[in-house]
Each structure stands twice: as structure tokens, then as C-alpha cells.
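Quick look at final36.txt (compact mmCIF, C-alpha atoms):
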```txt
# COMPACT_ATOMS: atom_id res chain seq x y z
CA MET A 1 -12.83 30.12 34.00
CA LYS A 2 -14.97 31.63 31.26
CA THR A 3 -12.19 30.99 28.78
CA VAL A 4 -11.91 27.36 29.80
CA ARG A 5 -15.67 26.95 29.44
CA TYR A 6 -15.68 28.36 25.91
CA PHE A 7 -12.72 26.21 25.01
CA LEU A 8 -14.43 23.06 26.29
CA LEU A 9 -17.57 23.99 24.38
CA LEU A 10 -15.56 24.20 21.19
CA MET A 11 -13.84 20.91 21.89
CA CYS A 12 -17.29 19.28 22.13
CA LEU A 13 -17.78 20.21 18.49
CA LEU A 14 -14.96 17.85 17.62
CA LEU A 15 -16.92 14.73 18.45
CA PRO A 16 -17.84 13.64 14.92
CA LEU A 17 -14.20 12.85 14.20
CA ASN A 18 -14.27 9.10 14.38
CA SER A 19 -14.56 8.02 10.77
CA GLN A 20 -13.22 4.54 11.25
CA ALA A 21 -16.27 2.34 11.31
CA THR A 22 -19.06 4.38 9.76
CA GLU A 23 -19.80 5.23 6.17
CA LEU A 24 -17.83 8.28 5.21
CA LYS A 25 -19.21 10.78 2.71
CA LEU A 26 -16.73 13.17 1.15
CA GLY A 27 -17.24 16.02 -1.31
CA ALA A 28 -20.29 16.35 -3.52
CA PRO A 29 -23.13 13.84 -3.21
CA LEU A 30 -23.02 11.01 -5.75
CA THR A 31 -25.46 11.47 -8.61
CA ILE A 32 -24.75 8.59 -11.02
CA ASP A 33 -26.39 5.21 -10.36
CA THR A 34 -24.46 2.91 -12.67
CA VAL A 35 -20.98 1.84 -11.64
CA THR A 36 -18.39 1.68 -14.41
CA LYS A 37 -15.79 -1.04 -13.97
CA VAL A 38 -12.25 0.22 -13.47
CA SER A 39 -11.06 -2.45 -15.91
CA GLU A 40 -13.42 -1.04 -18.53
CA ILE A 41 -11.97 2.46 -18.11
CA ASN A 42 -8.42 1.12 -18.19
CA LYS A 43 -9.21 -0.88 -21.32
CA ASN A 44 -10.84 1.95 -23.27
CA PRO A 45 -9.72 5.14 -21.52
CA ASP A 46 -10.22 7.48 -24.46
CA GLN A 47 -13.82 6.40 -24.72
CA TYR A 48 -14.43 7.72 -21.20
CA LEU A 49 -12.16 10.76 -21.34
CA GLY A 50 -13.94 13.85 -19.99
CA LYS A 51 -16.98 11.84 -18.94
CA ASP A 52 -18.35 11.62 -15.42
CA VAL A 53 -18.36 8.11 -14.02
CA ILE A 54 -18.78 6.23 -10.78
CA VAL A 55 -16.18 3.64 -9.91
CA GLU A 56 -16.00 1.29 -6.97
CA GLY A 57 -13.09 -0.59 -5.51
CA LEU A 58 -10.83 -1.41 -2.63
CA VAL A 59 -8.70 1.52 -1.45
CA LYS A 60 -5.16 0.24 -1.96
CA ASN A 61 -3.26 3.37 -1.08
CA VAL A 62 -3.85 6.92 0.11
CA CYS A 63 -1.69 10.05 -0.05
CA ALA A 64 -0.16 10.10 3.42
CA LYS A 65 0.80 13.75 3.27
CA ARG A 66 -2.36 15.57 2.28
CA GLY A 67 -4.97 12.91 1.50
CA CYS A 68 -5.22 14.32 -2.03
CA TRP A 69 -5.26 11.04 -3.94
CA MET A 70 -6.04 7.40 -3.48
CA ASP A 71 -5.54 4.28 -5.56
CA LEU A 72 -8.60 2.13 -6.16
CA ALA A 73 -8.19 -1.53 -7.03
CA SER A 74 -9.75 -2.66 -10.26
CA ASP A 75 -12.15 -5.56 -10.63
CA LEU A 76 -9.25 -7.30 -12.43
CA PRO A 77 -6.20 -8.47 -10.46
CA PHE A 78 -3.21 -6.12 -10.10
CA GLU A 79 -4.94 -3.24 -11.91
CA LYS A 80 -5.83 0.05 -10.27
CA ILE A 81 -6.90 3.59 -11.00
CA GLN A 82 -5.90 6.75 -9.20
CA VAL A 83 -8.48 9.17 -7.86
CA LYS A 84 -7.09 12.69 -7.56
CA VAL A 85 -8.88 15.51 -5.80
CA VAL A 86 -8.15 19.20 -5.44
CA ASP A 87 -5.95 19.66 -2.35
CA GLY A 88 -8.13 20.51 0.62
CA GLU A 89 -11.44 20.23 -1.21
CA ILE A 90 -11.70 16.55 -0.37
CA VAL A 91 -9.26 14.92 2.04
CA PHE A 92 -9.05 11.13 2.05
CA PRO A 93 -8.13 10.00 5.56
CA ILE A 94 -5.24 7.54 5.60
CA GLU A 95 -7.39 5.16 7.69
CA VAL A 96 -9.62 4.35 4.70
CA LYS A 97 -6.96 2.07 3.25
CA GLY A 98 -8.49 -1.38 2.90
CA ARG A 99 -12.07 -0.14 2.77
CA ILE A 100 -14.38 -0.06 -0.25
CA ALA A 101 -14.86 3.32 -1.90
CA ARG A 102 -17.40 4.46 -4.43
CA VAL A 103 -16.18 7.56 -6.24
CA GLU A 104 -17.80 9.88 -8.72
CA GLY A 105 -15.55 11.93 -10.93
CA THR A 106 -14.35 12.82 -14.40
CA VAL A 107 -11.95 10.65 -16.36
CA ASP A 108 -8.80 12.65 -16.98
CA LYS A 109 -5.70 12.08 -19.09
CA VAL A 110 -2.29 13.05 -17.74
CA GLN A 111 0.61 13.33 -20.17
CA LEU A 112 4.09 13.72 -18.72
CA SER A 113 7.41 14.28 -20.42
CA GLN A 114 10.24 12.01 -19.27
CA ASP A 115 11.52 14.73 -16.91
CA GLN A 116 8.08 15.31 -15.46
CA ALA A 117 7.56 11.57 -15.03
CA ILE A 118 10.86 11.28 -13.16
CA ARG A 119 9.94 14.21 -10.91
CA MET A 120 6.53 12.75 -10.22
CA GLY A 121 7.97 9.30 -9.52
CA LYS A 122 10.52 10.81 -7.15
CA HIS A 123 7.88 12.88 -5.41
CA ARG A 124 5.56 9.90 -4.90
CA ALA A 125 8.41 7.71 -3.69
CA GLU A 126 9.48 10.33 -1.16
CA GLU A 127 5.89 10.71 -0.05
CA GLN A 128 5.56 6.97 0.48
CA GLY A 129 9.05 6.58 1.92
CA ILE A 130 10.06 4.04 -0.70
CA PRO A 131 13.12 3.93 -2.99
CA PHE A 132 12.89 5.26 -6.55
CA ASP A 133 15.16 4.58 -9.48
CA PRO A 134 14.96 7.37 -12.12
CA ALA A 135 16.27 4.86 -14.67
CA SER A 136 12.93 3.04 -14.37
CA VAL A 137 11.39 5.92 -16.35
CA THR A 138 12.43 5.35 -19.92
CA GLY A 139 10.31 7.92 -21.76
CA PRO A 140 7.23 10.14 -21.65
CA GLU A 141 4.31 8.69 -19.72
CA THR A 142 0.58 8.91 -20.15
CA PHE A 143 -1.92 7.72 -17.62
CA TYR A 144 -5.58 8.12 -16.89
CA ARG A 145 -7.11 8.95 -13.58
CA ILE A 146 -10.36 10.10 -12.06
CA LYS A 147 -10.73 13.71 -10.99
CA GLY A 148 -12.78 12.99 -7.91
CA LEU A 149 -15.83 15.08 -7.13
CA GLY A 150 -17.45 13.02 -4.40
CA ALA A 151 -16.95 9.73 -2.61
CA VAL A 152 -18.63 7.36 -0.24
CA ILE A 153 -16.34 5.08 1.70
CA LYS A 154 -17.93 2.01 3.26
CA MET B 1 -18.12 57.76 26.21
CA LYS B 2 -20.73 54.98 26.31
CA TRP B 3 -19.58 53.47 22.99
CA ARG B 4 -16.09 52.96 24.41
CA LYS B 5 -17.52 50.93 27.27
CA TRP B 6 -19.44 48.73 24.78
CA ASN B 7 -16.38 48.45 22.60
CA TYR B 8 -14.44 47.20 25.61
CA ILE B 9 -17.15 44.67 26.61
CA LEU B 10 -17.58 43.34 23.09
CA HIS B 11 -13.83 43.15 22.49
CA ARG B 12 -13.40 41.21 25.73
CA ASP B 13 -16.32 38.78 25.15
CA VAL B 14 -15.56 38.12 21.49
CA GLY B 15 -11.97 37.55 22.63
CA TYR B 16 -13.18 34.92 25.09
CA LEU B 17 -15.09 33.21 22.28
CA CYS B 18 -12.10 33.26 19.95
CA VAL B 19 -9.44 32.06 22.35
CA GLY B 20 -10.11 28.32 21.91
CA LEU B 21 -10.02 28.53 18.16
CA THR B 22 -6.93 30.74 18.24
CA LEU B 23 -5.15 27.99 20.16
CA ILE B 24 -6.36 25.37 17.67
CA TYR B 25 -5.34 27.40 14.62
CA GLY B 26 -2.06 28.50 16.20
CA ILE B 27 -0.91 25.02 17.22
CA SER B 28 -2.01 23.50 13.92
CA GLY B 29 -0.48 26.38 11.95
CA ILE B 30 2.94 25.69 13.39
CA ALA B 31 2.55 21.94 12.79
CA VAL B 32 1.43 22.17 9.16
CA ASN B 33 4.14 24.74 8.42
CA HIS B 34 6.63 21.94 8.93
CA ILE B 35 4.92 19.29 6.83
CA SER B 36 7.53 17.32 4.89
CA ASN B 37 8.26 13.82 3.68
CA THR B 38 9.60 13.00 7.10
CA PHE B 39 7.05 14.85 9.23
CA ASN B 40 3.35 14.19 9.00
CA PRO B 41 1.53 16.64 11.28
CA SER B 42 -1.53 14.42 11.83
CA TYR B 43 -0.24 10.86 11.86
CA THR B 44 2.66 8.90 13.22
CA ILE B 45 3.70 6.57 10.41
CA GLU B 46 6.10 3.81 11.31
CA LYS B 47 7.61 1.55 8.67
CA LEU B 48 8.90 -1.81 9.81
CA SER B 49 10.37 -4.88 8.15
CA ALA B 50 9.89 -8.45 9.31
CA THR B 51 9.67 -11.98 8.02
CA GLY B 52 6.46 -13.93 7.86
CA PRO B 53 5.54 -17.35 6.55
CA PRO B 54 6.21 -17.87 2.84
CA LEU B 55 3.32 -19.26 0.80
CA LEU B 56 3.87 -22.89 -0.08
CA THR B 57 4.54 -23.50 -3.76
CA GLY B 58 1.31 -24.07 -5.62
CA ALA B 59 -0.88 -22.87 -2.75
CA GLN B 60 -3.28 -19.96 -3.08
CA PRO B 61 -3.25 -17.17 -0.48
CA ASP B 62 -6.42 -17.59 1.54
CA MET B 63 -7.81 -16.51 4.91
CA ASP B 64 -5.82 -19.20 6.73
CA TYR B 65 -2.63 -17.85 5.23
CA ILE B 66 -3.59 -14.28 6.14
CA LEU B 67 -4.23 -15.35 9.74
CA LEU B 68 -0.84 -17.05 9.77
CA VAL B 69 0.86 -13.86 8.61
CA LEU B 70 -1.00 -11.76 11.19
CA LYS B 71 -0.04 -14.21 13.91
CA ALA B 72 3.61 -14.15 12.81
CA VAL B 73 3.79 -10.37 13.24
CA ARG B 74 1.59 -10.40 16.36
CA GLU B 75 -0.95 -8.16 14.70
CA GLU B 76 -4.20 -8.12 16.59
CA GLY B 77 -5.90 -5.13 14.96
CA LEU B 78 -9.23 -5.48 13.21
CA TYR B 79 -8.80 -7.22 9.85
CA LYS B 80 -10.22 -5.12 7.01
CA ASN B 81 -9.27 -6.64 3.70
CA ALA B 82 -6.54 -8.16 1.54
CA ALA B 83 -5.56 -7.90 -2.10
CA LEU B 84 -2.85 -9.07 -4.44
CA VAL B 85 -1.01 -5.94 -5.58
CA SER B 86 1.23 -7.91 -7.93
CA PRO B 87 1.53 -11.62 -8.74
CA GLY B 88 4.02 -12.08 -5.91
CA THR B 89 2.87 -9.53 -3.34
CA MET B 90 -0.17 -9.50 -1.11
CA ARG B 91 -1.31 -6.46 0.84
CA ILE B 92 -3.18 -7.09 4.06
CA PHE B 93 -5.15 -4.25 5.57
CA VAL B 94 -5.65 -4.23 9.31
CA GLU B 95 -6.93 -1.32 11.39
CA GLY B 96 -3.84 0.88 11.78
CA ASN B 97 -1.51 -1.35 9.80
CA THR B 98 -0.87 -2.21 6.16
CA ILE B 99 1.24 -5.27 5.52
CA ASP B 100 2.90 -6.06 2.19
CA ILE B 101 4.18 -9.62 2.08
CA GLN B 102 6.28 -11.25 -0.61
CA LEU B 103 4.51 -14.57 -0.98
CA LYS B 104 7.57 -16.47 -2.13
CA THR B 105 9.98 -15.40 0.59
CA GLY B 106 7.76 -14.22 3.42
CA GLU B 107 9.61 -10.91 3.59
CA LEU B 108 7.21 -8.25 4.67
CA THR B 109 6.95 -4.55 5.35
CA MET B 110 4.47 -2.97 7.69
CA GLU B 111 3.20 0.57 7.70
CA LYS B 112 1.73 1.35 11.08
CA VAL B 113 -0.36 4.48 11.25
CA GLN B 114 -1.57 6.21 14.36
CA ARG B 115 -3.32 9.51 14.84
CA LYS B 116 -1.19 12.00 16.75
CA PRO B 117 -2.98 12.97 19.96
CA LEU B 118 -4.23 16.58 19.95
CA LEU B 119 -2.45 17.41 16.67
CA PHE B 120 -4.79 15.20 14.63
CA ILE B 121 -7.81 17.03 16.00
CA VAL B 122 -6.42 20.55 15.66
CA ASN B 123 -5.23 19.88 12.10
CA TYR B 124 -8.58 18.32 11.24
CA LEU B 125 -10.26 21.56 12.20
CA HIS B 126 -7.65 23.97 10.91
CA LEU B 127 -7.56 22.30 7.49
CA ASN B 128 -11.37 22.20 7.51
CA LYS B 129 -11.64 18.49 6.85
CA ALA B 130 -14.93 18.48 8.72
CA LYS B 131 -16.57 20.82 6.15
CA GLY B 132 -20.30 21.46 6.64
CA THR B 133 -21.15 23.37 9.80
CA TRP B 134 -17.49 23.71 10.67
CA THR B 135 -16.97 25.93 7.61
CA TRP B 136 -19.51 28.38 9.05
CA LEU B 137 -17.97 28.25 12.50
CA ALA B 138 -14.55 28.95 11.01
CA ASP B 139 -16.04 31.86 9.04
CA ILE B 140 -17.57 33.27 12.22
CA TYR B 141 -14.17 32.90 13.88
CA GLY B 142 -12.53 34.78 11.00
CA ILE B 143 -15.08 37.59 11.35
CA GLY B 144 -14.45 37.53 15.11
CA LEU B 145 -10.73 38.04 14.53
CA ILE B 146 -11.36 40.95 12.19
CA PHE B 147 -13.67 42.45 14.81
CA LEU B 148 -11.01 42.01 17.51
CA ALA B 149 -8.35 43.63 15.34
CA LEU B 150 -10.54 46.64 14.61
CA THR B 151 -11.93 47.13 18.11
CA ALA B 152 -8.40 46.92 19.54
CA TYR B 153 -7.66 50.26 17.85
CA LEU B 154 -10.70 52.05 19.28
```

Translate this file's structure into C-alpha cells.
Amino acid sequence: MKTVRYFLLLMCLLLPLNSQATELKLGAPLTIDTVTKVSEINKNPDQYLGKDVIVEGLVKNVCAKRGCWMDLASDLPFEKIQVKVVDGEIVFPIEVKGRIARVEGTVDKVQLSQDQAIRMGKHRAEEQGIPFDPASVTGPETFYRIKGLGAVIK
Amino acid sequence: MKWRKWNYILHRDVGYLCVGLTLIYGISGIAVNHISNTFNPSYTIEKLSATGPPLLTGAQPDMDYILLVLKAVREEGLYKNAALVSPGTMRIFVEGNTIDIQLKTGELTMEKVQRKPLLFIVNYLHLNKAKGTWTWLADIYGIGLIFLALTAYL
């Protein structure tokens, strides 16, 4: 009986789990006031490289496996930027897809050889359960992303 | 041998306190051990294909069109947002469902996501997604386990 009581007490601690409707704060508190447009970073990435920024956008996709990245829509159509966080440090719940996120982080440059790009493409496709054609990678790839430090999801 | 009596009492009572968390960590440990591209320990992710209404030539995708698509797939979840992910594809976000529709043909894919009962909660705690106070509770649990291991030998 005692065991059951302790177990129930612990289960009561699980109540703040419903993150669906409320504002969700993840990681470090946001410290920058001015939002930088995703399109601005995509247009002049080297200008922002290594700098801390705040970006805001619609969450288009989330890592289904570990919640370790999410894609934020740009202010311009069809553009996006990836926010990557250290595994386990911040976990983006899959349910935040379609919500608006404000993320603070450092602009980072990722350079991949053709082999690495194929491996990454394959890995992401497997993760998302979508087909991947290695022939679609024709050479080394470079992309910019945000190393996320903190986020508020509305 | 008074200390032995106290050792016994403390071992038993700390054991009572730890049992709930041991179950949580044990169940979750087995589940996350088997994480793969086909097994998500926290969510049930179902991918479905269907056909919705194509967008009439020259028309712009608007709320009426979105409602038409949702009606076609009998989706009644809470509408969150929509975005064009490419010139010909719109993504509609509904609570628990993400719909990608090809505007020209009406072909669509749905990704339905549901939290796994019990497993979602135990993984949430085991992987310390709650952070904050939970980190301290988990630390206390860890210390409790060390205490149990040591007192078991006395």
C-alpha cells in the first residue's frame, strides 16, 4: 500500500505535461529583443555567422525521433531555416508543428562533402519516412542553421 | 547492533521512495533502447495517403480551400496553421495531423501523431524533458539508488 501511495505521489508530479495550448519555454531564457528576419540571414549568412540572433517563424517540421531540430519558415515564401539543438538539452515536442516559435541562437555554417551530404540526406529521409535519391546530391553542400540556445513557442 | 536496524529501516524506506521512479526509468529504458526509424518510443506516427480537392487553376489557396481539404479527409482536429512549402504544395497543420497537399492534383499525405499512453509520460521523465525541478528529483533518485546499493551490502 505504501508503495502504491509513493508511486501515485510521483505520478502527480507529471501533471505539467500538457504543452499543447500554452506558451512553451525551452532552454535558456531569451535575451535579445530585436527579431532578425530569416530571409535576411538566408540572404547574407556570412554577415551573421557566429552571431547570436533571435528569429521567429512558423514551425514547419520537427525531428520526430529526438526533437533535436526544427525547421522554421521564413518571412519569404518557401524559405526556411533549421534550428539545431544539442540532443537532450532542448527537446522540441513534435506537437509544436504549425505553431509560431521565437528562437535565440547562434548562426552556424555547416559544410558537408558529397558523401556526408548523401549520408545526411539519407538519415533525414529515413527519420521522416520519405524516399531519398542519392543522385539528388551532386556535390559538396553548405548550409546555415541556428544553433538554438532557447525558444518560446506560442 | 543498533546501526544495522537503522540501516534496514532506511534501506526499506528509501526503497519504497525509489520504486515508482525505478518503474518509470526501467520501462522507459527498455523503450528508448529500441528507438529506430520505425519505432518511436513516445509517439505513434501514422502516414496515410488520400486524395483531396485540387485547387482550381488560377485560384489562390485560402481558408475556404483549407476547410474543403479538411472536410475531404474528415479531419476535425483543431486547425493551427497553413503554409506553402513549395509553389505547388501546401502544408496544413491540425492538432495531431500534418497534411501536405499537391494543389494541382489534390494528392495528399497525412502524418497523424499521437502520444503513446504511459510510454510518452515515462519517456518524458526519463529523458528529462521536464527540466527544472524534475532534474533535482532525478538527482535525488540517483542518490537514493546509490544509497540502496551501498546499504544492501551492510

**Study point:** Leu24 (chain A) surroundings by all atoms listed in the file, 12 Å radius, close-in-sequence under 6 positions cut, as a list in words
**Key:** Pro16, Leu17, Asn18, Ile90, Val91, Phe92, Pro93, Glu95, Val96, Arg99, Ile100, Ala101, Arg102, Val103, Gly150, Ala151, Val152, Ile153 and Lys154 of chain A; Ala130 of chain B

Review point. B:Lys131, B:Arg74, B:Lys5, B:Lys116: which is nearest chain A, counting only C-alpha atoms?
Key: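 With only C-alpha atoms as the atom set, the closest residue is B:Lys131.
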
Point to revise | Neighbours of point (3.9, -4.4, 1.8) within 12 Å, using all atoms listed in the file, written as a count of residues only | key: 35

Point to revise | Gap from CA of Trp134 (chain B) to CA of Pro41 (chain B) - Å, one decimal | key: 20.3 Å

Review point. Nearest to Pro77 (chain A) among A:Val53, A:Ser39, A:Val110, A:Gly139, with distances taken over all atoms listed in the file: which residue is it?
Key: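 Closest residue, counting all atoms listed in the file: A:Ser39.
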
Review point. Within 8 Å of Val113 (chain B), counting all atoms listed in the file, which residues qualify if same-chain residues fewer than 3 places away don't, as a list in words?
Key: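 Non-adjacent residues within range: Glu95 of chain A; Tyr43, Thr44, Ile45, Glu46, Gly96 and Asn97 of chain B.
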
Point to revise | Two-atom distance - CA of Leu119 (chain B), CA of Ile30 (chain B) (Å) | key: 10.4 Å

Check your understanding: If you measure from CA of Val107 (chain A) to CA of Gly50 (chain A), what distance in Å do you get, rounded to one decimal?
Key ->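 Computing the Euclidean distance for CA of Val107 (chain A) and CA of Gly50 (chain A) yields 5.2 Å.
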
Check your understanding: Could you name the residues that touch Val32 (chain B) at 8 Å or less, counting all atoms listed in the file, but leaving out those on the same chain fewer than 3 positions away, as a PyMOL selection string?
Key -> chain B and resi 28-29+35+41+123

Print the selection's residues with C-alpha atoms to a file, as a short mmCIF file (atom, residue, chain, number, x, y, z; two decimals), in the frame of the given file.
```
data_model
loop_
_atom_site.label_atom_id
_atom_site.label_comp_id
_atom_site.auth_asym_id
_atom_site.auth_seq_id
_atom_site.Cartn_x
_atom_site.Cartn_y
_atom_site.Cartn_z
CA SER B 28 -2.01 23.50 13.92
CA GLY B 29 -0.48 26.38 11.95
CA ILE B 35 4.92 19.29 6.83
CA PRO B 41 1.53 16.64 11.28
CA ASN B 123 -5.23 19.88 12.10
#
```

Give me the residues near Gly67 (chain A) as a PDB file with C-alpha atoms, keeping the file's coordinate frame, where near means some atom within 12 Å (using only C-alpha atoms) and where sequence neighbours in that chain fewer than 4 positions away do not count.
```pdb
ATOM      1  CA  LEU A  26     -16.730  13.170   1.150  1.00  0.00           C
ATOM      2  CA  ASN A  61      -3.260   3.370  -1.080  1.00  0.00           C
ATOM      3  CA  VAL A  62      -3.850   6.920   0.110  1.00  0.00           C
ATOM      4  CA  CYS A  63      -1.690  10.050  -0.050  1.00  0.00           C
ATOM      5  CA  ASP A  71      -5.540   4.280  -5.560  1.00  0.00           C
ATOM      6  CA  VAL A  83      -8.480   9.170  -7.860  1.00  0.00           C
ATOM      7  CA  LYS A  84      -7.090  12.690  -7.560  1.00  0.00           C
ATOM      8  CA  VAL A  85      -8.880  15.510  -5.800  1.00  0.00           C
ATOM      9  CA  VAL A  86      -8.150  19.200  -5.440  1.00  0.00           C
ATOM     10  CA  ASP A  87      -5.950  19.660  -2.350  1.00  0.00           C
ATOM     11  CA  GLY A  88      -8.130  20.510   0.620  1.00  0.00           C
ATOM     12  CA  GLU A  89     -11.440  20.230  -1.210  1.00  0.00           C
ATOM     13  CA  ILE A  90     -11.700  16.550  -0.370  1.00  0.00           C
ATOM     14  CA  VAL A  91      -9.260  14.920   2.040  1.00  0.00           C
ATOM     15  CA  PHE A  92      -9.050  11.130   2.050  1.00  0.00           C
ATOM     16  CA  PRO A  93      -8.130  10.000   5.560  1.00  0.00           C
ATOM     17  CA  ILE A  94      -5.240   7.540   5.600  1.00  0.00           C
ATOM     18  CA  GLU A  95      -7.390   5.160   7.690  1.00  0.00           C
ATOM     19  CA  VAL A  96      -9.620   4.350   4.700  1.00  0.00           C
ATOM     20  CA  LYS A  97      -6.960   2.070   3.250  1.00  0.00           C
ATOM     21  CA  GLU A 127       5.890  10.710  -0.050  1.00  0.00           C
TER      22      GLU A 127
ATOM     23  CA  ASN B  40       3.350  14.190   9.000  1.00  0.00           C
ATOM     24  CA  SER B  42      -1.530  14.420  11.830  1.00  0.00           C
ATOM     25  CA  TYR B  43      -0.240  10.860  11.860  1.00  0.00           C
ATOM     26  CA  TYR B 124      -8.580  18.320  11.240  1.00  0.00           C
ATOM     27  CA  LEU B 127      -7.560  22.300   7.490  1.00  0.00           C
ATOM     28  CA  LYS B 129     -11.640  18.490   6.850  1.00  0.00           C
TER      29      LYS B 129
END
```

**Study point:** From A:Gln116, A:Asn44, A:Thr138, A:Ser74, residue lying nearest chain B [only C-alpha atoms]
**Key:**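 Closest to chain B of all the choices is A:Ser74.
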
Study note, to complete from the structure: If you count all atoms listed in the file, the residue of A:His123, A:Arg145, A:Pro140, A:Val55 closest to chain B turns out to be A:His123

Point to revise | Near-Trp6 (chain B) list (12 Å; all atoms listed in the file; drop same-chain fewer than 6 positions) as a PyMOL selection string | key: chain B and resi 12-14+151+154

**Study point:** Residues within 6 Å of (-12.3, -2.3, -13.3), counting all atoms listed in the file, listed as a ChimeraX atom specification
**Key:** /A:37-40,74-76

Exercise for review: Using only C-alpha atoms, pick whichever of A:Ile146, A:Ile41, A:Ile32, A:Val59 has the shortest atom-to-atom distance to chain B.
Suggested key: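 Comparing A:Ile146, A:Ile41, A:Ile32, A:Val59 against chain B, the winner is A:Val59.
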